[in-house]
$ cat model17.cif   # mmCIF, C-alpha atoms
data_my_file
loop_
_atom_site.label_atom_id
_atom_site.label_comp_id
_atom_site.auth_asym_id
_atom_site.auth_seq_id
_atom_site.Cartn_x
_atom_site.Cartn_y
_atom_site.Cartn_z
CA MET R 1055 2.75 6.20 1.43
CA PRO R 1056 4.06 2.95 -0.09
CA TYR R 1057 1.82 0.74 1.64
CA SER R 1058 2.72 3.76 3.60
CA ALA R 1059 3.02 7.43 2.71
CA SER R 1060 4.82 8.71 -0.32
CA LEU R 1061 5.29 12.06 -1.98
CA GLY R 1062 4.95 13.02 -5.63
CA ARG R 1063 3.08 11.20 -8.33
CA ARG R 1064 4.10 9.79 -11.67
CA THR R 1065 2.02 8.12 -14.29
CA SER R 1066 2.60 5.98 -17.34
CA PRO R 1067 2.74 7.40 -20.83
CA VAL R 1068 -0.36 7.71 -22.94
CA GLY R 1069 -0.92 4.69 -25.14
CA SER R 1070 0.82 2.25 -22.79
CA GLY R 1071 -2.47 0.73 -21.65
CA ARG R 1072 -1.92 2.15 -18.17
CA CYS R 1073 -3.40 4.98 -16.19
CA VAL R 1074 -2.94 8.60 -17.17
CA ALA R 1075 -3.29 11.47 -14.71
CA THR R 1076 -4.99 14.61 -15.92
CA LYS R 1077 -5.16 17.99 -14.25
CA HIS R 1078 -8.40 19.90 -13.79
CA ARG R 1079 -9.15 23.26 -12.32
CA GLN R 1080 -8.21 23.82 -8.67
CA GLY R 1081 -5.31 21.39 -9.17
CA ALA R 1082 -7.41 18.26 -8.68
CA THR R 1083 -6.08 15.13 -10.33
CA SER R 1084 -8.27 12.43 -11.79
CA ILE R 1085 -7.24 9.07 -13.19
CA THR R 1086 -8.34 7.81 -16.57
CA ARG R 1087 -7.88 4.08 -17.04
CA ALA R 1088 -7.61 2.05 -20.19
CA THR R 1089 -10.40 -0.27 -21.23
CA ALA R 1090 -10.08 -3.70 -19.64
CA PRO R 1091 -8.36 -6.30 -21.86
CA SER R 1092 -10.75 -8.61 -23.69
CA SER R 1093 -9.26 -11.58 -21.82
CA THR R 1094 -10.69 -10.19 -18.57
CA SER R 1095 -13.98 -8.76 -19.76
CA SER R 1096 -15.60 -12.20 -19.92
CA LYS R 1097 -14.60 -13.10 -16.37
CA SER R 1098 -16.86 -12.59 -13.38
CA THR R 1099 -15.58 -10.31 -10.64
CA GLU R 1100 -14.79 -13.31 -8.43
CA GLU R 1101 -12.90 -14.99 -11.28
CA LEU R 1102 -10.98 -11.79 -11.93
CA LYS R 1103 -10.12 -11.45 -8.24
CA ALA R 1104 -8.79 -15.02 -8.21
CA ALA R 1105 -6.75 -14.34 -11.35
CA VAL R 1106 -5.17 -11.25 -9.79
CA VAL R 1107 -4.31 -13.08 -6.57
CA ARG R 1108 -2.70 -15.89 -8.59
CA ALA R 1109 -0.72 -13.38 -10.64
CA VAL R 1110 0.80 -11.67 -7.59
CA SER R 1111 1.42 -14.79 -5.50
CA GLY R 1112 5.06 -15.71 -5.08
CA THR R 1113 6.26 -12.20 -6.00
CA GLN R 1114 7.36 -11.23 -2.46
CA ARG R 1115 4.67 -8.55 -2.51
CA GLY R 1116 5.99 -7.27 -5.83
CA LYS R 1117 9.68 -7.09 -4.87
CA ALA R 1118 10.60 -10.19 -6.92
CA THR R 1119 9.00 -9.01 -10.17
CA THR R 1120 10.60 -7.77 -13.36
CA PRO R 1121 9.28 -4.76 -15.29
CA GLN R 1122 7.78 -7.21 -17.78
CA GLN R 1123 5.93 -9.07 -15.03
CA ARG R 1124 4.63 -5.83 -13.56
CA ALA R 1125 3.45 -4.76 -17.02
CA ALA R 1126 1.45 -8.00 -17.24
CA ILE R 1127 -0.05 -7.65 -13.75
CA LEU R 1128 -1.10 -4.00 -14.10
CA PRO R 1129 -3.93 -4.61 -16.65
CA LEU R 1130 -5.41 -7.20 -14.30
CA LEU R 1131 -5.42 -4.70 -11.44
CA GLU R 1132 -6.94 -2.04 -13.68
CA ALA R 1133 -9.62 -4.45 -14.86
CA LEU R 1134 -10.57 -5.11 -11.25
CA GLU R 1135 -10.55 -1.37 -10.52
CA ALA R 1136 -13.08 -0.98 -13.33
CA ARG R 1137 -15.38 -3.41 -11.47
CA ASN R 1138 -15.34 -1.37 -8.27
CA ALA R 1139 -18.87 -1.20 -6.90
CA VAL R 1140 -18.03 1.01 -3.89
CA LYS R 1141 -17.99 4.44 -5.48
CA ALA R 1142 -17.17 6.32 -2.26
CA PRO R 1143 -14.78 3.94 -0.45
CA VAL R 1144 -13.63 6.55 2.07
CA GLN R 1145 -17.22 6.82 3.29
CA SER R 1146 -17.72 3.05 3.40
CA PRO R 1147 -17.22 1.04 6.62
CA LEU R 1148 -15.41 -1.56 4.47
CA ILE R 1149 -12.28 0.58 4.26
CA SER R 1150 -11.49 0.31 7.96
CA GLY R 1151 -9.77 -2.80 9.28
CA VAL R 1152 -6.48 -4.68 9.13
CA TRP R 1153 -5.02 -5.18 5.66
CA ALA R 1154 -2.09 -7.35 4.55
CA LEU R 1155 -0.07 -6.23 1.55
CA LEU R 1156 -0.14 -8.73 -1.33
CA TYR R 1157 1.49 -6.64 -4.04
CA GLN R 1158 2.96 -3.22 -4.66
CA ALA R 1159 4.64 -1.83 -7.75
CA PRO R 1160 5.70 1.50 -9.20
CA LEU R 1161 3.76 3.06 -12.05
CA ASP R 1162 6.86 4.90 -13.28
CA GLU R 1163 9.58 2.33 -13.95
CA GLU R 1164 12.20 4.90 -14.88
CA ARG R 1165 11.79 6.85 -11.66
CA ALA R 1166 11.66 3.70 -9.54
CA ALA R 1167 14.96 2.52 -11.02
CA LYS R 1168 16.54 5.72 -9.72
CA ASP R 1169 15.11 6.06 -6.22
CA ASN R 1170 12.76 3.10 -5.48
CA SER R 1171 9.74 5.42 -5.57
CA GLY R 1172 6.52 3.45 -5.57
CA THR R 1173 8.12 0.37 -4.01
CA THR R 1174 7.65 -1.05 -0.52
CA GLU R 1175 11.01 0.41 0.55
CA GLY R 1176 10.53 3.90 -0.87
CA PRO R 1177 13.44 6.33 -1.28
CA PHE R 1178 14.27 6.48 2.46
CA LEU R 1179 14.48 2.78 3.26
CA ALA R 1180 16.20 2.08 -0.06
CA THR R 1181 19.24 3.93 1.30
CA PHE R 1182 19.75 1.17 3.84
CA GLN R 1183 18.79 -1.74 1.59
CA PRO R 1184 22.28 -2.61 0.25
CA ALA R 1185 23.61 -3.04 3.80
CA THR R 1186 20.69 -5.08 5.09
CA LYS R 1187 19.27 -7.12 2.20
CA GLN R 1188 21.34 -10.18 3.13
CA LEU R 1189 20.36 -9.96 6.78
CA VAL R 1190 16.81 -8.67 6.97
CA ARG R 1191 13.85 -10.51 5.45
CA THR R 1192 10.38 -8.97 5.61
CA LYS R 1193 7.72 -11.46 6.71
CA ALA R 1194 4.63 -9.30 6.27
CA ASN R 1195 3.47 -5.75 5.70
CA LEU R 1196 0.26 -4.88 7.53
CA GLN R 1197 -1.84 -1.75 7.65
CA LEU R 1198 -4.48 -0.64 10.11
CA ILE R 1199 -7.02 1.88 8.87
CA ASP R 1200 -9.48 3.31 11.37
CA LEU R 1201 -11.11 6.33 9.74
CA GLU R 1202 -13.73 6.69 12.45
CA GLY R 1203 -10.93 6.96 15.00
CA GLY R 1204 -8.73 9.03 12.66
CA ARG R 1205 -5.88 6.53 12.84
CA ALA R 1206 -3.53 4.74 10.45
CA GLU R 1207 -0.63 2.42 11.24
CA ASN R 1208 1.82 0.60 8.98
CA LEU R 1209 3.53 -2.47 10.41
CA ALA R 1210 6.47 -4.36 8.91
CA GLU R 1211 7.37 -7.70 10.53
CA PHE R 1212 10.84 -9.03 9.74
CA THR R 1213 13.56 -11.49 10.69
CA ILE R 1214 17.27 -10.72 11.06
CA ALA R 1215 19.79 -13.31 9.85
CA GLY R 1216 17.03 -15.90 10.02
CA ARG R 1217 17.24 -15.93 13.82
CA TRP R 1218 15.78 -12.82 15.44
CA GLU R 1219 12.31 -11.46 14.86
CA GLY R 1220 11.40 -7.80 14.91
CA ALA R 1221 8.75 -5.31 13.91
CA LEU R 1222 8.56 -1.66 12.93
CA ASN R 1223 5.23 0.12 13.36
CA ILE R 1224 4.67 3.63 12.01
CA ILE R 1225 1.75 5.41 13.67
CA GLY R 1226 -0.19 8.38 12.39
CA THR R 1227 -3.46 10.13 11.77
CA ALA R 1228 -5.82 9.55 8.84
CA ALA R 1229 -8.64 11.69 7.48
CA PRO R 1230 -10.48 12.13 4.18
CA GLN R 1231 -8.65 14.64 2.00
CA PRO R 1232 -10.65 17.83 1.47
CA THR R 1233 -11.69 18.49 -2.11
CA PRO R 1234 -11.23 21.95 -3.68
CA GLN R 1235 -14.87 22.58 -2.79
CA GLY R 1236 -14.16 21.78 0.87
CA SER R 1237 -16.11 18.52 1.08
CA PRO R 1238 -14.40 15.24 2.06
CA SER R 1239 -12.93 13.28 -0.82
CA PRO R 1240 -14.81 10.03 -1.52
CA VAL R 1241 -11.64 8.16 -2.53
CA ARG R 1242 -8.55 9.82 -1.02
CA VAL R 1243 -7.22 9.78 2.55
CA ASP R 1244 -4.50 12.04 3.95
CA VAL R 1245 -2.06 10.42 6.38
CA VAL R 1246 0.42 12.18 8.69
CA PHE R 1247 2.85 9.96 10.58
CA GLN R 1248 3.69 11.06 14.13
CA ARG R 1249 5.96 8.37 15.58
CA PHE R 1250 7.28 4.87 15.09
CA GLN R 1251 7.89 1.93 17.40
CA LEU R 1252 10.61 -0.68 16.98
CA ARG R 1253 10.78 -4.13 18.54
CA LEU R 1254 13.76 -6.49 18.24
CA GLY R 1255 13.12 -9.95 19.62
CA GLY R 1256 11.99 -9.60 23.21
CA ALA R 1257 13.55 -6.13 23.54
CA GLY R 1258 11.60 -2.93 23.25
CA PRO R 1259 9.46 -1.50 21.99
CA TRP R 1260 11.28 1.76 21.56
CA THR R 1261 9.24 4.79 20.48
CA VAL R 1262 10.73 7.55 18.32
CA PRO R 1263 8.69 10.73 17.62
CA LEU R 1264 8.55 12.04 14.06
CA ASP R 1265 7.36 15.54 14.91
CA TRP R 1266 10.54 17.02 13.46
CA ILE R 1267 9.75 15.78 9.94
CA GLN R 1268 6.05 14.78 10.04
CA PRO R 1269 6.12 12.53 6.95
CA LYS R 1270 2.82 12.69 5.18
CA GLY R 1271 1.10 11.58 2.03
CA TRP R 1272 -2.15 10.24 0.68
CA ILE R 1273 -3.65 7.01 -0.53
CA GLU R 1274 -6.46 6.62 -3.00
CA THR R 1275 -8.70 3.55 -2.87
CA THR R 1276 -9.68 2.44 -6.37
CA TYR R 1277 -11.25 -0.95 -5.57
CA LEU R 1278 -12.84 -2.12 -2.33
CA ASP R 1279 -14.86 -5.07 -1.17
CA ASP R 1280 -14.98 -7.32 1.88
CA ASP R 1281 -11.84 -9.22 0.82
CA LEU R 1282 -9.57 -7.03 -1.30
CA ARG R 1283 -8.49 -3.44 -1.61
CA ILE R 1284 -6.58 -1.81 -4.46
CA GLY R 1285 -5.12 1.64 -4.10
CA ARG R 1286 -2.62 4.15 -5.41
CA GLY R 1287 -0.15 6.21 -3.42
CA ASP R 1288 1.06 9.75 -3.96
CA LYS R 1289 4.55 8.54 -4.81
CA GLY R 1290 3.34 6.75 -7.90
CA SER R 1291 2.60 3.23 -6.68
CA ILE R 1292 -0.26 0.80 -7.10
CA PHE R 1293 -0.93 -1.81 -4.42
CA MET R 1294 -3.30 -4.61 -3.53
CA ALA R 1295 -4.08 -5.81 -0.01
CA SER R 1296 -6.23 -8.53 1.52
CA ARG R 1297 -8.34 -8.07 4.61
CA VAL R 1298 -7.16 -9.94 7.74
CA LYS R 1299 -10.59 -10.86 9.06
CA GLY R 1300 -11.33 -11.34 12.74
CA SER R 1301 -7.93 -10.06 13.84
CA ARG R 1302 -7.00 -7.90 16.80
CA TRP R 1303 -4.42 -5.19 16.15
CA ARG R 1304 -1.61 -5.05 18.72
CA GLY R 1305 0.63 -2.49 17.09
CA VAL R 1306 4.31 -3.41 17.14
CA GLN R 1307 3.33 -6.75 18.71
CA GLY R 1308 1.51 -7.68 15.48
CA VAL R 1309 -2.02 -9.02 15.11
CA ALA R 1310 -3.75 -11.70 17.13
CA GLY R 1311 -6.24 -14.20 15.78
CA GLY R 1312 -8.10 -13.81 12.53
CA SER R 1313 -7.29 -15.22 9.12
CA PRO R 1314 -3.66 -16.12 8.33
CA VAL R 1315 -1.39 -13.23 7.35
CA PRO R 1316 0.22 -13.81 3.93
CA GLU R 1317 3.99 -14.05 4.16
CA SER R 1318 6.63 -13.34 1.55
CA THR R 1319 7.47 -16.39 -0.58
#

$ encode --input "model17.cif" --output "structure tokens"
Amino acid sequence: MPYSASLGRRTSPVGSGRCVATKHRQGATSITRATAPSSTSSKSTEELKAAVVRAVSGTQRGKATTPQQRAAILPLLEALEARNAVKAPVQSPLISGVWALLYQAPLDEERAAKDNSGTTEGPFLATFQPATKQLVRTKANLQLIDLEGGRAENLAEFTIAGRWEGALNIIGTAAPQPTPQGSPSPVRVDVVFQRFQLRLGGAGPWTVPLDWIQPKGWIETTYLDDDLRIGRGDKGSIFMASRVKGSRWRGVQGVAGGSPVPEST
């Protein structure tokens, strides 16, 4: 799931300083990460978090970056992943809540250049991008995770031609992915989307069921604390999100209260 579900996984080549996926018995995939750069090893976790947030600010959640910029940001994200103190994030109450996307990027640049895999649009929405990129501007990408309630929602708030506001909310179920041994995964969550709602200005919302395709995927949380979350999607993306504290989720109507939601700049 780009900050939503996605299918298929790609990884960077060995020796690139990025992550490498390796297969084990029963088809399980683990991620081996490069050693953190020396420039980050001397930083405290809070200093590293601040450095990562500075690096991704002004990137339009990753959409306005070049491959060279993404290559510079990735080691910072991996260094923070190496500091993760929550070893079983799926079992932690910290994972549930409202999250605002700060950054998302593909891990396979070659594949992303072909079909936008690992980007916020993904292959499906990329089909419509040429016709809408001059008209539609995304304001924020939000995600609700409620593992206790078995629920996940992805909300995109946007403006059309700078005049009309709208929102698209994709609604689904979420549950820890079973391991080959049958126990719940400590890091990976399966998501199946069931329907979406669309609001345009004061009209709607309109609800469209997705039972006929049931898009699904998984997300893996690789860093988690009270403020930030880093994860990887099954379509070969890496993302970082900030918690929207004290907010009340209203689905396609957005969130109420809480800390400010970061907008695209």

$ resolve_selection --input "model17.cif" --expression "the PyMOL selection byres ((chain R and resi 1091-1106) around 9)" --output "short mmCIF file (atom, residue, chain, number, x, y, z; two decimals) with C-alpha atoms, keeping the file's coordinate frame"
data_model
loop_
_atom_site.label_atom_id
_atom_site.label_comp_id
_atom_site.auth_asym_id
_atom_site.auth_seq_id
_atom_site.Cartn_x
_atom_site.Cartn_y
_atom_site.Cartn_z
CA ALA R 1088 -7.61 2.05 -20.19
CA THR R 1089 -10.40 -0.27 -21.23
CA ALA R 1090 -10.08 -3.70 -19.64
CA VAL R 1107 -4.31 -13.08 -6.57
CA ARG R 1108 -2.70 -15.89 -8.59
CA ALA R 1109 -0.72 -13.38 -10.64
CA VAL R 1110 0.80 -11.67 -7.59
CA SER R 1111 1.42 -14.79 -5.50
CA ILE R 1127 -0.05 -7.65 -13.75
CA PRO R 1129 -3.93 -4.61 -16.65
CA LEU R 1130 -5.41 -7.20 -14.30
CA LEU R 1131 -5.42 -4.70 -11.44
CA ALA R 1133 -9.62 -4.45 -14.86
CA LEU R 1134 -10.57 -5.11 -11.25
CA ARG R 1137 -15.38 -3.41 -11.47
CA LEU R 1282 -9.57 -7.03 -1.30
#

$ resolve_selection --input "model17.cif" --expression "the PyMOL selection byres ((chain R and resi 1254) around 7)" --output "PDB file with C-alpha atoms, in the frame of the given file"
ATOM      1  CA  GLU R1219      12.310 -11.460  14.860  1.00  0.00           C
ATOM      2  CA  GLY R1220      11.400  -7.800  14.910  1.00  0.00           C
ATOM      3  CA  ALA R1221       8.750  -5.310  13.910  1.00  0.00           C
ATOM      4  CA  LEU R1252      10.610  -0.680  16.980  1.00  0.00           C
ATOM      5  CA  ARG R1253      10.780  -4.130  18.540  1.00  0.00           C
ATOM      6  CA  GLY R1255      13.120  -9.950  19.620  1.00  0.00           C
ATOM      7  CA  GLY R1256      11.990  -9.600  23.210  1.00  0.00           C
ATOM      8  CA  ALA R1257      13.550  -6.130  23.540  1.00  0.00           C
ATOM      9  CA  GLY R1258      11.600  -2.930  23.250  1.00  0.00           C
TER      10      GLY R1258
END

$ closest_residue --input "model17.cif" --among "R:Val1246, R:Pro1121, R:Trp1272, R:Pro1259" --to "Glu1163 (chain R)" --atoms "all atoms listed in the file"
R:Pro1121

$ closest_residue --input "model17.cif" --among "R:Gln1268, R:Gln1197, R:Thr1113, R:Thr1227" --to "Leu1155 (chain R)" --atoms "all atoms listed in the file"
R:Gln1197

$ atom_distance --input "model17.cif" --atom1 "CA of Leu1156 (chain R)" --atom2 "CA of Thr1233 (chain R)"
29.6 Å

$ residues_near_point --input "model17.cif" --point "(-15.6, -3.6, -1.3)" --cutoff "10 Å" --atoms "all atoms listed in the file" --output "list in words"
Asn1138, Ala1139, Val1140, Lys1141, Pro1143, Ser1146, Pro1147, Leu1148, Ile1149, Thr1276, Tyr1277, Leu1278, Asp1279, Asp1280, Asp1281, Leu1282, Arg1283 and Ile1284 of chain R

$ closest_residue --input "model17.cif" --among "R:Trp1303, R:Met1294, R:Val1144, R:Asp1162" --to "Gly1204 (chain R)" --atoms "only C-alpha atoms"
R:Val1144

$ closest_residue --input "model17.cif" --among "R:Thr1119, R:Gln1248, R:Gln1231, R:Thr1192" --to "Gln1158 (chain R)" --atoms "all atoms listed in the file"
R:Thr1119

$ atom_distance --input "model17.cif" --atom1 "CA of Gly1285 (chain R)" --atom2 "CA of Glu1132 (chain R)"
10.4 Å

$ closest_residue --input "model17.cif" --among "R:Ser1301, R:Ser1150, R:Gln1307, R:Gln1235" --to "Leu1201 (chain R)" --atoms "only C-alpha atoms"
R:Ser1150

$ build_atoms --input "model17.cif" --residues "region 1256-1267 of chain R" --atoms "all heavy atoms" --output "mmCIF file, keeping the file's coordinate frame"
data_model
loop_
_atom_site.group_PDB
_atom_site.id
_atom_site.type_symbol
_atom_site.label_atom_id
_atom_site.label_comp_id
_atom_site.auth_asym_id
_atom_site.auth_seq_id
_atom_site.Cartn_x
_atom_site.Cartn_y
_atom_site.Cartn_z
ATOM 1 N N GLY R 1256 12.740 -9.908 22.003
ATOM 2 C CA GLY R 1256 11.990 -9.600 23.210
ATOM 3 C C GLY R 1256 12.299 -8.219 23.752
ATOM 4 O O GLY R 1256 11.767 -7.829 24.799
ATOM 5 N N ALA R 1257 13.163 -7.465 23.068
ATOM 6 C CA ALA R 1257 13.550 -6.130 23.540
ATOM 7 C C ALA R 1257 12.660 -5.069 22.934
ATOM 8 O O ALA R 1257 12.193 -5.184 21.805
ATOM 9 C CB ALA R 1257 15.004 -5.860 23.181
ATOM 10 N N GLY R 1258 12.447 -4.013 23.710
ATOM 11 C CA GLY R 1258 11.600 -2.930 23.250
ATOM 12 C C GLY R 1258 10.160 -3.139 23.706
ATOM 13 O O GLY R 1258 9.895 -3.944 24.592
ATOM 14 N N PRO R 1259 9.253 -2.395 23.134
ATOM 15 C CA PRO R 1259 9.460 -1.500 21.990
ATOM 16 C C PRO R 1259 10.038 -0.150 22.380
ATOM 17 O O PRO R 1259 9.815 0.331 23.488
ATOM 18 C CB PRO R 1259 8.050 -1.342 21.420
ATOM 19 C CG PRO R 1259 7.156 -1.479 22.614
ATOM 20 C CD PRO R 1259 7.821 -2.485 23.506
ATOM 21 N N TRP R 1260 10.781 0.411 21.417
ATOM 22 C CA TRP R 1260 11.280 1.760 21.560
ATOM 23 C C TRP R 1260 10.437 2.676 20.678
ATOM 24 O O TRP R 1260 10.114 2.334 19.544
ATOM 25 C CB TRP R 1260 12.742 1.844 21.116
ATOM 26 C CG TRP R 1260 13.649 0.973 21.935
ATOM 27 C CD1 TRP R 1260 14.174 1.237 23.169
ATOM 28 C CD2 TRP R 1260 14.139 -0.329 21.564
ATOM 29 N NE1 TRP R 1260 14.964 0.197 23.599
ATOM 30 C CE2 TRP R 1260 14.963 -0.784 22.639
ATOM 31 C CE3 TRP R 1260 13.970 -1.152 20.457
ATOM 32 C CZ2 TRP R 1260 15.609 -2.009 22.612
ATOM 33 C CZ3 TRP R 1260 14.612 -2.379 20.421
ATOM 34 C CH2 TRP R 1260 15.417 -2.801 21.486
ATOM 35 N N THR R 1261 10.076 3.840 21.205
ATOM 36 C CA THR R 1261 9.240 4.790 20.480
ATOM 37 C C THR R 1261 10.071 6.011 20.094
ATOM 38 O O THR R 1261 10.790 6.577 20.932
ATOM 39 C CB THR R 1261 8.047 5.242 21.337
ATOM 40 O OG1 THR R 1261 7.254 4.085 21.658
ATOM 41 C CG2 THR R 1261 7.175 6.232 20.578
ATOM 42 N N VAL R 1262 9.989 6.397 18.827
ATOM 43 C CA VAL R 1262 10.730 7.550 18.320
ATOM 44 C C VAL R 1262 9.727 8.523 17.700
ATOM 45 O O VAL R 1262 9.004 8.153 16.766
ATOM 46 C CB VAL R 1262 11.771 7.136 17.261
ATOM 47 C CG1 VAL R 1262 12.493 8.363 16.709
ATOM 48 C CG2 VAL R 1262 12.762 6.141 17.854
ATOM 49 N N PRO R 1263 9.631 9.754 18.209
ATOM 50 C CA PRO R 1263 8.690 10.730 17.620
ATOM 51 C C PRO R 1263 9.181 11.205 16.261
ATOM 52 O O PRO R 1263 10.389 11.252 15.981
ATOM 53 C CB PRO R 1263 8.698 11.868 18.647
ATOM 54 C CG PRO R 1263 10.011 11.753 19.351
ATOM 55 C CD PRO R 1263 10.352 10.289 19.373
ATOM 56 N N LEU R 1264 8.227 11.545 15.399
ATOM 57 C CA LEU R 1264 8.550 12.040 14.060
ATOM 58 C C LEU R 1264 8.081 13.479 13.875
ATOM 59 O O LEU R 1264 7.924 13.945 12.749
ATOM 60 C CB LEU R 1264 7.901 11.144 13.006
ATOM 61 C CG LEU R 1264 8.403 9.706 12.955
ATOM 62 C CD1 LEU R 1264 7.543 8.876 12.003
ATOM 63 C CD2 LEU R 1264 9.865 9.647 12.532
ATOM 64 N N ASP R 1265 7.865 14.174 14.993
ATOM 65 C CA ASP R 1265 7.360 15.540 14.910
ATOM 66 C C ASP R 1265 8.290 16.450 14.114
ATOM 67 O O ASP R 1265 7.843 17.417 13.496
ATOM 68 C CB ASP R 1265 7.179 16.123 16.318
ATOM 69 C CG ASP R 1265 6.146 15.351 17.123
ATOM 70 O OD1 ASP R 1265 5.340 14.641 16.499
ATOM 71 O OD2 ASP R 1265 6.150 15.452 18.357
ATOM 72 N N TRP R 1266 9.568 16.144 14.105
ATOM 73 C CA TRP R 1266 10.540 17.020 13.460
ATOM 74 C C TRP R 1266 10.472 16.941 11.932
ATOM 75 O O TRP R 1266 10.939 17.852 11.234
ATOM 76 C CB TRP R 1266 11.943 16.693 13.935
ATOM 77 C CG TRP R 1266 12.312 15.247 13.777
ATOM 78 C CD1 TRP R 1266 11.818 14.207 14.492
ATOM 79 C CD2 TRP R 1266 13.215 14.685 12.830
ATOM 80 N NE1 TRP R 1266 12.364 13.021 14.061
ATOM 81 C CE2 TRP R 1266 13.233 13.278 13.054
ATOM 82 C CE3 TRP R 1266 14.041 15.215 11.835
ATOM 83 C CZ2 TRP R 1266 14.014 12.416 12.300
ATOM 84 C CZ3 TRP R 1266 14.827 14.347 11.092
ATOM 85 C CH2 TRP R 1266 14.819 12.975 11.322
ATOM 86 N N ILE R 1267 9.894 15.861 11.390
ATOM 87 C CA ILE R 1267 9.750 15.780 9.940
ATOM 88 C C ILE R 1267 8.293 15.609 9.490
ATOM 89 O O ILE R 1267 7.939 16.008 8.393
ATOM 90 C CB ILE R 1267 10.593 14.644 9.337
ATOM 91 C CG1 ILE R 1267 10.312 13.319 10.066
ATOM 92 C CG2 ILE R 1267 12.055 14.975 9.349
ATOM 93 C CD1 ILE R 1267 10.995 12.142 9.416
#
